[in-house]
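Next up, structure_28.cif (mmCIF, C-alpha atoms; chains and numbers go by the auth columns):
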data_start
loop_
_atom_site.group_PDB
_atom_site.id
_atom_site.type_symbol
_atom_site.label_atom_id
_atom_site.label_comp_id
_atom_site.label_asym_id
_atom_site.label_seq_id
_atom_site.Cartn_x
_atom_site.Cartn_y
_atom_site.Cartn_z
_atom_site.B_iso_or_equiv
_atom_site.auth_seq_id
_atom_site.auth_asym_id
ATOM 1 C CA LYS A 1 -129.447 7.051 -38.221 0.00 1 A
ATOM 2 C CA GLY A 2 -127.391 10.216 -38.470 0.00 2 A
ATOM 3 C CA GLY A 3 -124.001 8.580 -38.803 0.00 3 A
ATOM 4 C CA VAL A 4 -124.760 5.499 -40.859 0.00 4 A
ATOM 5 C CA ILE A 5 -122.737 5.347 -44.056 0.00 5 A
ATOM 6 C CA ASN A 6 -123.367 3.029 -46.982 0.00 6 A
ATOM 7 C CA GLU A 7 -120.365 0.820 -47.752 0.00 7 A
ATOM 8 C CA GLY A 8 -118.118 2.341 -50.405 0.00 8 A
ATOM 9 C CA GLU A 9 -119.134 5.921 -49.576 0.00 9 A
ATOM 10 C CA GLU A 10 -116.896 6.430 -46.533 0.00 10 A
ATOM 11 C CA SER A 11 -114.219 8.451 -48.291 0.00 11 A
ATOM 12 C CA SER A 12 -116.551 10.848 -50.060 0.00 12 A
ATOM 13 C CA ARG A 13 -119.085 11.816 -47.377 0.00 13 A
ATOM 14 C CA ALA A 14 -118.937 13.259 -43.887 0.00 14 A
ATOM 15 C CA PHE A 15 -121.549 12.950 -41.162 0.00 15 A
ATOM 16 C CA LYS A 16 -122.249 14.066 -37.639 0.00 16 A
ATOM 17 C CA TRP A 17 -122.350 11.154 -35.255 0.00 17 A
ATOM 18 C CA CYS A 18 -123.653 10.773 -31.738 0.00 18 A
ATOM 19 C CA LEU A 19 -121.102 8.967 -29.561 0.00 19 A
ATOM 20 C CA ALA A 20 -123.217 5.809 -29.281 0.00 20 A
ATOM 21 C CA GLU A 21 -123.392 5.501 -33.087 0.00 21 A
ATOM 22 C CA LEU A 22 -119.690 6.212 -33.443 0.00 22 A
ATOM 23 C CA LYS A 23 -118.838 3.612 -30.820 0.00 23 A
ATOM 24 C CA GLU A 24 -120.985 1.016 -32.605 0.00 24 A
ATOM 25 C CA TYR A 25 -119.381 1.873 -35.963 0.00 25 A
ATOM 26 C CA PHE A 26 -115.895 1.514 -34.453 0.00 26 A
ATOM 27 C CA LYS A 27 -116.879 -1.853 -32.995 0.00 27 A
ATOM 28 C CA LYS A 28 -118.093 -3.106 -36.392 0.00 28 A
ATOM 29 C CA LYS A 29 -114.907 -1.927 -38.107 0.00 29 A
ATOM 30 C CA GLY A 30 -112.581 -3.218 -35.380 0.00 30 A
ATOM 31 C CA TYR A 31 -111.306 0.260 -34.475 0.00 31 A
ATOM 32 C CA ASN A 32 -110.203 1.086 -30.942 0.00 32 A
ATOM 33 C CA TYR A 33 -112.840 3.528 -29.667 0.00 33 A
ATOM 34 C CA ASP A 34 -111.310 3.767 -26.180 0.00 34 A
ATOM 35 C CA LYS A 35 -107.904 4.730 -27.612 0.00 35 A
ATOM 36 C CA MET A 36 -109.542 7.445 -29.728 0.00 36 A
ATOM 37 C CA TRP A 37 -111.544 8.799 -26.773 0.00 37 A
ATOM 38 C CA GLU A 38 -108.464 8.844 -24.507 0.00 38 A
ATOM 39 C CA SER A 39 -106.578 10.768 -27.189 0.00 39 A
ATOM 40 C CA ILE A 40 -109.382 13.355 -27.451 0.00 40 A
ATOM 41 C CA CYS A 41 -109.551 13.757 -23.651 0.00 41 A
ATOM 42 C CA ASP A 42 -105.772 14.218 -23.561 0.00 42 A
ATOM 43 C CA VAL A 43 -105.950 17.056 -26.110 0.00 43 A
ATOM 44 C CA VAL A 44 -108.821 18.775 -24.279 0.00 44 A
ATOM 45 C CA ILE A 45 -107.111 18.568 -20.871 0.00 45 A
ATOM 46 C CA LYS A 46 -103.757 19.807 -22.194 0.00 46 A
ATOM 47 C CA THR A 47 -105.460 22.667 -24.037 0.00 47 A
ATOM 48 C CA LEU A 48 -107.287 23.794 -20.899 0.00 48 A
ATOM 49 C CA MET A 49 -104.083 23.535 -18.865 0.00 49 A
ATOM 50 C CA ALA A 50 -102.332 25.763 -21.411 0.00 50 A
ATOM 51 C CA VAL A 51 -104.883 28.552 -20.943 0.00 51 A
ATOM 52 C CA GLU A 52 -105.576 28.143 -17.234 0.00 52 A
ATOM 53 C CA LEU A 53 -103.655 31.246 -16.138 0.00 53 A
ATOM 54 C CA PRO A 54 -105.327 33.674 -18.602 0.00 54 A
ATOM 55 C CA MET A 55 -108.744 32.199 -17.760 0.00 55 A
ATOM 56 C CA ARG A 56 -108.063 32.589 -14.041 0.00 56 A
ATOM 57 C CA ALA A 57 -106.921 36.184 -14.525 0.00 57 A
ATOM 58 C CA CYS A 58 -110.078 37.034 -16.436 0.00 58 A
ATOM 59 C CA TRP A 59 -112.336 35.462 -13.800 0.00 59 A
ATOM 60 C CA SER A 60 -110.430 37.155 -10.962 0.00 60 A
ATOM 61 C CA GLN A 61 -110.840 40.517 -12.633 0.00 61 A
ATOM 62 C CA ALA A 62 -114.600 40.029 -12.835 0.00 62 A
ATOM 63 C CA LEU A 63 -115.070 38.519 -9.391 0.00 63 A
ATOM 64 C CA TYR A 64 -113.202 41.174 -7.424 0.00 64 A
ATOM 65 C CA GLN A 65 -114.720 44.251 -9.064 0.00 65 A
ATOM 66 C CA GLU A 66 -118.385 43.715 -8.305 0.00 66 A
ATOM 67 C CA GLU A 67 -119.017 47.421 -7.635 0.00 67 A
ATOM 68 C CA GLU A 68 -118.032 48.145 -11.234 0.00 68 A
ATOM 69 C CA GLY A 69 -121.109 46.331 -12.564 0.00 69 A
ATOM 70 C CA TRP A 70 -120.926 45.749 -16.322 0.00 70 A
ATOM 71 C CA ALA A 71 -117.502 47.434 -16.426 0.00 71 A
ATOM 72 C CA ALA A 72 -116.105 44.588 -14.276 0.00 72 A
ATOM 73 C CA ARG A 73 -116.396 42.182 -17.150 0.00 73 A
ATOM 74 C CA GLY A 74 -113.074 41.034 -18.508 0.00 74 A
ATOM 75 C CA GLU A 75 -112.214 40.668 -22.169 0.00 75 A
ATOM 76 C CA CYS A 76 -113.996 37.320 -22.303 0.00 76 A
ATOM 77 C CA GLY A 77 -117.228 38.753 -20.821 0.00 77 A
ATOM 78 C CA CYS A 78 -117.289 36.623 -17.658 0.00 78 A
ATOM 79 C CA HIS A 79 -119.087 37.922 -14.580 0.00 79 A
ATOM 80 C CA ARG A 80 -119.865 36.716 -11.065 0.00 80 A
ATOM 81 C CA SER A 81 -123.389 35.691 -12.103 0.00 81 A
ATOM 82 C CA SER A 82 -121.930 33.303 -14.698 0.00 82 A
ATOM 83 C CA CYS A 83 -121.951 29.758 -13.426 0.00 83 A
ATOM 84 C CA PHE A 84 -120.148 28.100 -16.322 0.00 84 A
ATOM 85 C CA GLU A 85 -118.515 28.625 -19.661 0.00 85 A
ATOM 86 C CA MET A 86 -118.840 26.262 -22.581 0.00 86 A
ATOM 87 C CA TYR A 87 -116.164 25.648 -25.184 0.00 87 A
ATOM 88 C CA GLY A 88 -116.446 23.797 -28.472 0.00 88 A
ATOM 89 C CA PHE A 89 -113.399 21.724 -29.365 0.00 89 A
ATOM 90 C CA ASP A 90 -112.905 20.825 -33.023 0.00 90 A
ATOM 91 C CA ILE A 91 -110.614 17.808 -33.097 0.00 91 A
ATOM 92 C CA LEU A 92 -109.394 15.734 -36.027 0.00 92 A
ATOM 93 C CA VAL A 93 -108.556 12.076 -35.352 0.00 93 A
ATOM 94 C CA ASP A 94 -106.113 10.420 -37.743 0.00 94 A
ATOM 95 C CA GLU A 95 -105.889 6.740 -38.734 0.00 95 A
ATOM 96 C CA ALA A 96 -103.590 6.015 -35.785 0.00 96 A
ATOM 97 C CA MET A 97 -106.282 7.394 -33.419 0.00 97 A
ATOM 98 C CA LYS A 98 -104.078 10.420 -32.642 0.00 98 A
ATOM 99 C CA SER A 99 -106.085 13.562 -31.965 0.00 99 A
ATOM 100 C CA TRP A 100 -105.189 16.920 -33.473 0.00 100 A
ATOM 101 C CA LEU A 101 -106.690 20.163 -32.159 0.00 101 A
ATOM 102 C CA LEU A 102 -108.107 22.277 -34.993 0.00 102 A
ATOM 103 C CA GLU A 103 -109.677 25.076 -32.951 0.00 103 A
ATOM 104 C CA VAL A 104 -111.524 25.922 -29.753 0.00 104 A
ATOM 105 C CA ASN A 105 -114.723 27.925 -30.030 0.00 105 A
ATOM 106 C CA ILE A 106 -115.382 30.169 -27.046 0.00 106 A
ATOM 107 C CA CYS A 107 -119.011 30.568 -28.037 0.00 107 A
ATOM 108 C CA PRO A 108 -120.100 27.328 -29.742 0.00 108 A
ATOM 109 C CA SER A 109 -123.354 27.322 -31.658 0.00 109 A
ATOM 110 C CA LEU A 110 -126.350 25.754 -29.977 0.00 110 A
ATOM 111 C CA SER A 111 -128.545 26.030 -33.048 0.00 111 A
ATOM 112 C CA SER A 112 -130.041 22.816 -34.355 0.00 112 A
ATOM 113 C CA GLY A 113 -129.491 22.069 -38.022 0.00 113 A
ATOM 114 C CA SER A 114 -130.738 18.502 -37.786 0.00 114 A
ATOM 115 C CA PRO A 115 -132.751 16.234 -35.492 0.00 115 A
ATOM 116 C CA LEU A 116 -129.451 14.800 -34.193 0.00 116 A
ATOM 117 C CA ASP A 117 -128.158 18.310 -33.390 0.00 117 A
ATOM 118 C CA LYS A 118 -131.379 19.120 -31.578 0.00 118 A
ATOM 119 C CA ARG A 119 -131.285 15.926 -29.516 0.00 119 A
ATOM 120 C CA ILE A 120 -127.621 16.274 -28.522 0.00 120 A
ATOM 121 C CA LYS A 121 -127.633 20.025 -27.851 0.00 121 A
ATOM 122 C CA THR A 122 -130.902 19.914 -25.900 0.00 122 A
ATOM 123 C CA GLN A 123 -129.447 17.221 -23.648 0.00 123 A
ATOM 124 C CA LEU A 124 -126.218 19.206 -23.273 0.00 124 A
ATOM 125 C CA VAL A 125 -128.072 22.306 -22.070 0.00 125 A
ATOM 126 C CA ALA A 126 -130.283 20.203 -19.783 0.00 126 A
ATOM 127 C CA ASP A 127 -127.207 18.633 -18.158 0.00 127 A
#
Reformat the file's structure so that it appears as structure tokens.
Amino acid sequence: KGGVINEGEESSRAFKWCLAELKEYFKKKGYNYDKMWESICDVVIKTLMAVELPMRACWSQALYQEEEGWAARGECGCHRSSCFEMYGFDILVDEAMKSWLLEVNICPSLSSGSPLDKRIKTQLVAD
């Protein structure tokens, strides 16, 4: 599986994990998966709250200038025909299960570098 690590190699190798594999790994190691997930959700929610006003302003600019066509797009490129935006959050979780925001990608990659990437990103787009 994508996230399986051989014992003794944990400190020297990094992997991508699907959430089910990560949850199983945490269970085996006795780590608190729910605490980690709550910490990640807290960071994501607080980050989105911090940028709500600029996001709203950008969307309002696009939505109320329909006659302008392509010129109505705000700095972020949103337009009335857009039905969603996707953001990629890069978050580091420390040993205490505290989450630290590294960056937010406004245009996350949907390319598939591995079978795991393909499976996860295909399902994301389908949802």
### Message
If we count all atoms listed in the file and set the cut-off at 10 Å, which residues sit around segment 86-94 of chain A, ignoring sequence neighbours fewer than 4 positions away in its own chain? Please answer as an NGL selection string.
### Response
:A and (36-37 or 39-40 or 43-44 or 47 or 98-109)
### Task
Please identify all polymer residues within 10 Å of Asp34 of chain A, counting all atoms listed in the file, omitting same-chain residues fewer than 6 positions from it, and present them as a ChimeraX atom specification.
/A:23,26,40,97
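Between atom CA of Ala126 of chain A and atom CA of Trp59 of chain A the interatomic distance comes to 24.3 Å.
Here atom CA of Tyr25 of chain A and atom CA of Cys41 of chain A stand 19.7 Å from one another.
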Return segment 31-56 of chain A, completed with N, CA, C and O atoms, as a PDB file, in the coordinates of the input.
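Below is the file that was written, result-v1.pdb:
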ATOM      1  N   TYR A  31    -112.124  -0.870 -34.909  1.00  0.00           N
ATOM      2  CA  TYR A  31    -111.306   0.260 -34.475  1.00  0.00           C
ATOM      3  C   TYR A  31    -111.345   0.368 -32.957  1.00  0.00           C
ATOM      4  O   TYR A  31    -112.315  -0.037 -32.317  1.00  0.00           O
ATOM      5  N   ASN A  32    -110.310   0.960 -32.388  1.00  0.00           N
ATOM      6  CA  ASN A  32    -110.203   1.086 -30.942  1.00  0.00           C
ATOM      7  C   ASN A  32    -110.842   2.400 -30.485  1.00  0.00           C
ATOM      8  O   ASN A  32    -110.188   3.443 -30.451  1.00  0.00           O
ATOM      9  N   TYR A  33    -112.097   2.344 -30.108  1.00  0.00           N
ATOM     10  CA  TYR A  33    -112.840   3.528 -29.667  1.00  0.00           C
ATOM     11  C   TYR A  33    -112.220   4.125 -28.399  1.00  0.00           C
ATOM     12  O   TYR A  33    -112.078   5.339 -28.285  1.00  0.00           O
ATOM     13  N   ASP A  34    -111.866   3.280 -27.447  1.00  0.00           N
ATOM     14  CA  ASP A  34    -111.310   3.767 -26.180  1.00  0.00           C
ATOM     15  C   ASP A  34    -110.006   4.529 -26.401  1.00  0.00           C
ATOM     16  O   ASP A  34    -109.768   5.559 -25.767  1.00  0.00           O
ATOM     17  N   LYS A  35    -109.162   4.039 -27.301  1.00  0.00           N
ATOM     18  CA  LYS A  35    -107.904   4.730 -27.612  1.00  0.00           C
ATOM     19  C   LYS A  35    -108.192   6.108 -28.209  1.00  0.00           C
ATOM     20  O   LYS A  35    -107.555   7.095 -27.861  1.00  0.00           O
ATOM     21  N   MET A  36    -109.174   6.176 -29.118  1.00  0.00           N
ATOM     22  CA  MET A  36    -109.542   7.445 -29.728  1.00  0.00           C
ATOM     23  C   MET A  36    -110.064   8.414 -28.669  1.00  0.00           C
ATOM     24  O   MET A  36    -109.668   9.568 -28.626  1.00  0.00           O
ATOM     25  N   TRP A  37    -110.946   7.940 -27.791  1.00  0.00           N
ATOM     26  CA  TRP A  37    -111.544   8.799 -26.773  1.00  0.00           C
ATOM     27  C   TRP A  37    -110.481   9.303 -25.794  1.00  0.00           C
ATOM     28  O   TRP A  37    -110.487  10.469 -25.411  1.00  0.00           O
ATOM     29  N   GLU A  38    -109.554   8.432 -25.394  1.00  0.00           N
ATOM     30  CA  GLU A  38    -108.464   8.844 -24.507  1.00  0.00           C
ATOM     31  C   GLU A  38    -107.608   9.924 -25.173  1.00  0.00           C
ATOM     32  O   GLU A  38    -107.182  10.877 -24.519  1.00  0.00           O
ATOM     33  N   SER A  39    -107.376   9.790 -26.455  1.00  0.00           N
ATOM     34  CA  SER A  39    -106.578  10.768 -27.189  1.00  0.00           C
ATOM     35  C   SER A  39    -107.292  12.125 -27.241  1.00  0.00           C
ATOM     36  O   SER A  39    -106.666  13.175 -27.070  1.00  0.00           O
ATOM     37  N   ILE A  40    -108.604  12.115 -27.436  1.00  0.00           N
ATOM     38  CA  ILE A  40    -109.382  13.355 -27.451  1.00  0.00           C
ATOM     39  C   ILE A  40    -109.349  14.008 -26.063  1.00  0.00           C
ATOM     40  O   ILE A  40    -109.105  15.210 -25.933  1.00  0.00           O
ATOM     41  N   CYS A  41    -109.577  13.223 -25.021  1.00  0.00           N
ATOM     42  CA  CYS A  41    -109.551  13.757 -23.651  1.00  0.00           C
ATOM     43  C   CYS A  41    -108.188  14.355 -23.336  1.00  0.00           C
ATOM     44  O   CYS A  41    -108.099  15.420 -22.696  1.00  0.00           O
ATOM     45  N   ASP A  42    -107.124  13.718 -23.790  1.00  0.00           N
ATOM     46  CA  ASP A  42    -105.772  14.218 -23.561  1.00  0.00           C
ATOM     47  C   ASP A  42    -105.587  15.592 -24.198  1.00  0.00           C
ATOM     48  O   ASP A  42    -105.045  16.504 -23.575  1.00  0.00           O
ATOM     49  N   VAL A  43    -106.064  15.767 -25.422  1.00  0.00           N
ATOM     50  CA  VAL A  43    -105.950  17.056 -26.110  1.00  0.00           C
ATOM     51  C   VAL A  43    -106.755  18.129 -25.375  1.00  0.00           C
ATOM     52  O   VAL A  43    -106.287  19.254 -25.179  1.00  0.00           O
ATOM     53  N   VAL A  44    -107.964  17.798 -24.966  1.00  0.00           N
ATOM     54  CA  VAL A  44    -108.821  18.775 -24.279  1.00  0.00           C
ATOM     55  C   VAL A  44    -108.178  19.204 -22.956  1.00  0.00           C
ATOM     56  O   VAL A  44    -108.087  20.400 -22.659  1.00  0.00           O
ATOM     57  N   ILE A  45    -107.720  18.250 -22.166  1.00  0.00           N
ATOM     58  CA  ILE A  45    -107.111  18.568 -20.871  1.00  0.00           C
ATOM     59  C   ILE A  45    -105.858  19.421 -21.054  1.00  0.00           C
ATOM     60  O   ILE A  45    -105.674  20.439 -20.366  1.00  0.00           O
ATOM     61  N   LYS A  46    -104.988  19.040 -21.977  1.00  0.00           N
ATOM     62  CA  LYS A  46    -103.757  19.807 -22.194  1.00  0.00           C
ATOM     63  C   LYS A  46    -104.057  21.213 -22.715  1.00  0.00           C
ATOM     64  O   LYS A  46    -103.366  22.172 -22.352  1.00  0.00           O
ATOM     65  N   THR A  47    -105.078  21.347 -23.529  1.00  0.00           N
ATOM     66  CA  THR A  47    -105.460  22.667 -24.037  1.00  0.00           C
ATOM     67  C   THR A  47    -105.944  23.553 -22.895  1.00  0.00           C
ATOM     68  O   THR A  47    -105.545  24.718 -22.787  1.00  0.00           O
ATOM     69  N   LEU A  48    -106.794  23.015 -22.033  1.00  0.00           N
ATOM     70  CA  LEU A  48    -107.287  23.794 -20.899  1.00  0.00           C
ATOM     71  C   LEU A  48    -106.172  24.140 -19.919  1.00  0.00           C
ATOM     72  O   LEU A  48    -106.151  25.244 -19.353  1.00  0.00           O
ATOM     73  N   MET A  49    -105.228  23.241 -19.729  1.00  0.00           N
ATOM     74  CA  MET A  49    -104.083  23.535 -18.865  1.00  0.00           C
ATOM     75  C   MET A  49    -103.251  24.685 -19.445  1.00  0.00           C
ATOM     76  O   MET A  49    -102.755  25.531 -18.698  1.00  0.00           O
ATOM     77  N   ALA A  50    -103.138  24.724 -20.760  1.00  0.00           N
ATOM     78  CA  ALA A  50    -102.332  25.763 -21.411  1.00  0.00           C
ATOM     79  C   ALA A  50    -102.928  27.156 -21.243  1.00  0.00           C
ATOM     80  O   ALA A  50    -102.199  28.147 -21.265  1.00  0.00           O
ATOM     81  N   VAL A  51    -104.232  27.239 -21.058  1.00  0.00           N
ATOM     82  CA  VAL A  51    -104.883  28.552 -20.943  1.00  0.00           C
ATOM     83  C   VAL A  51    -105.430  28.817 -19.542  1.00  0.00           C
ATOM     84  O   VAL A  51    -106.160  29.774 -19.329  1.00  0.00           O
ATOM     85  N   GLU A  52    -105.049  27.988 -18.592  1.00  0.00           N
ATOM     86  CA  GLU A  52    -105.576  28.143 -17.234  1.00  0.00           C
ATOM     87  C   GLU A  52    -105.247  29.517 -16.637  1.00  0.00           C
ATOM     88  O   GLU A  52    -106.129  30.169 -16.067  1.00  0.00           O
ATOM     89  N   LEU A  53    -104.026  29.960 -16.747  1.00  0.00           N
ATOM     90  CA  LEU A  53    -103.655  31.246 -16.138  1.00  0.00           C
ATOM     91  C   LEU A  53    -104.427  32.420 -16.740  1.00  0.00           C
ATOM     92  O   LEU A  53    -104.969  33.234 -15.987  1.00  0.00           O
ATOM     93  N   PRO A  54    -104.523  32.561 -18.067  1.00  0.00           N
ATOM     94  CA  PRO A  54    -105.327  33.674 -18.602  1.00  0.00           C
ATOM     95  C   PRO A  54    -106.803  33.578 -18.216  1.00  0.00           C
ATOM     96  O   PRO A  54    -107.439  34.593 -17.941  1.00  0.00           O
ATOM     97  N   MET A  55    -107.342  32.360 -18.166  1.00  0.00           N
ATOM     98  CA  MET A  55    -108.744  32.199 -17.760  1.00  0.00           C
ATOM     99  C   MET A  55    -108.920  32.623 -16.306  1.00  0.00           C
ATOM    100  O   MET A  55    -109.879  33.317 -15.970  1.00  0.00           O
ATOM    101  N   ARG A  56    -108.001  32.219 -15.453  1.00  0.00           N
ATOM    102  CA  ARG A  56    -108.063  32.589 -14.041  1.00  0.00           C
ATOM    103  C   ARG A  56    -107.984  34.103 -13.865  1.00  0.00           C
ATOM    104  O   ARG A  56    -108.704  34.683 -13.058  1.00  0.00           O
TER     105      ARG A  56
END
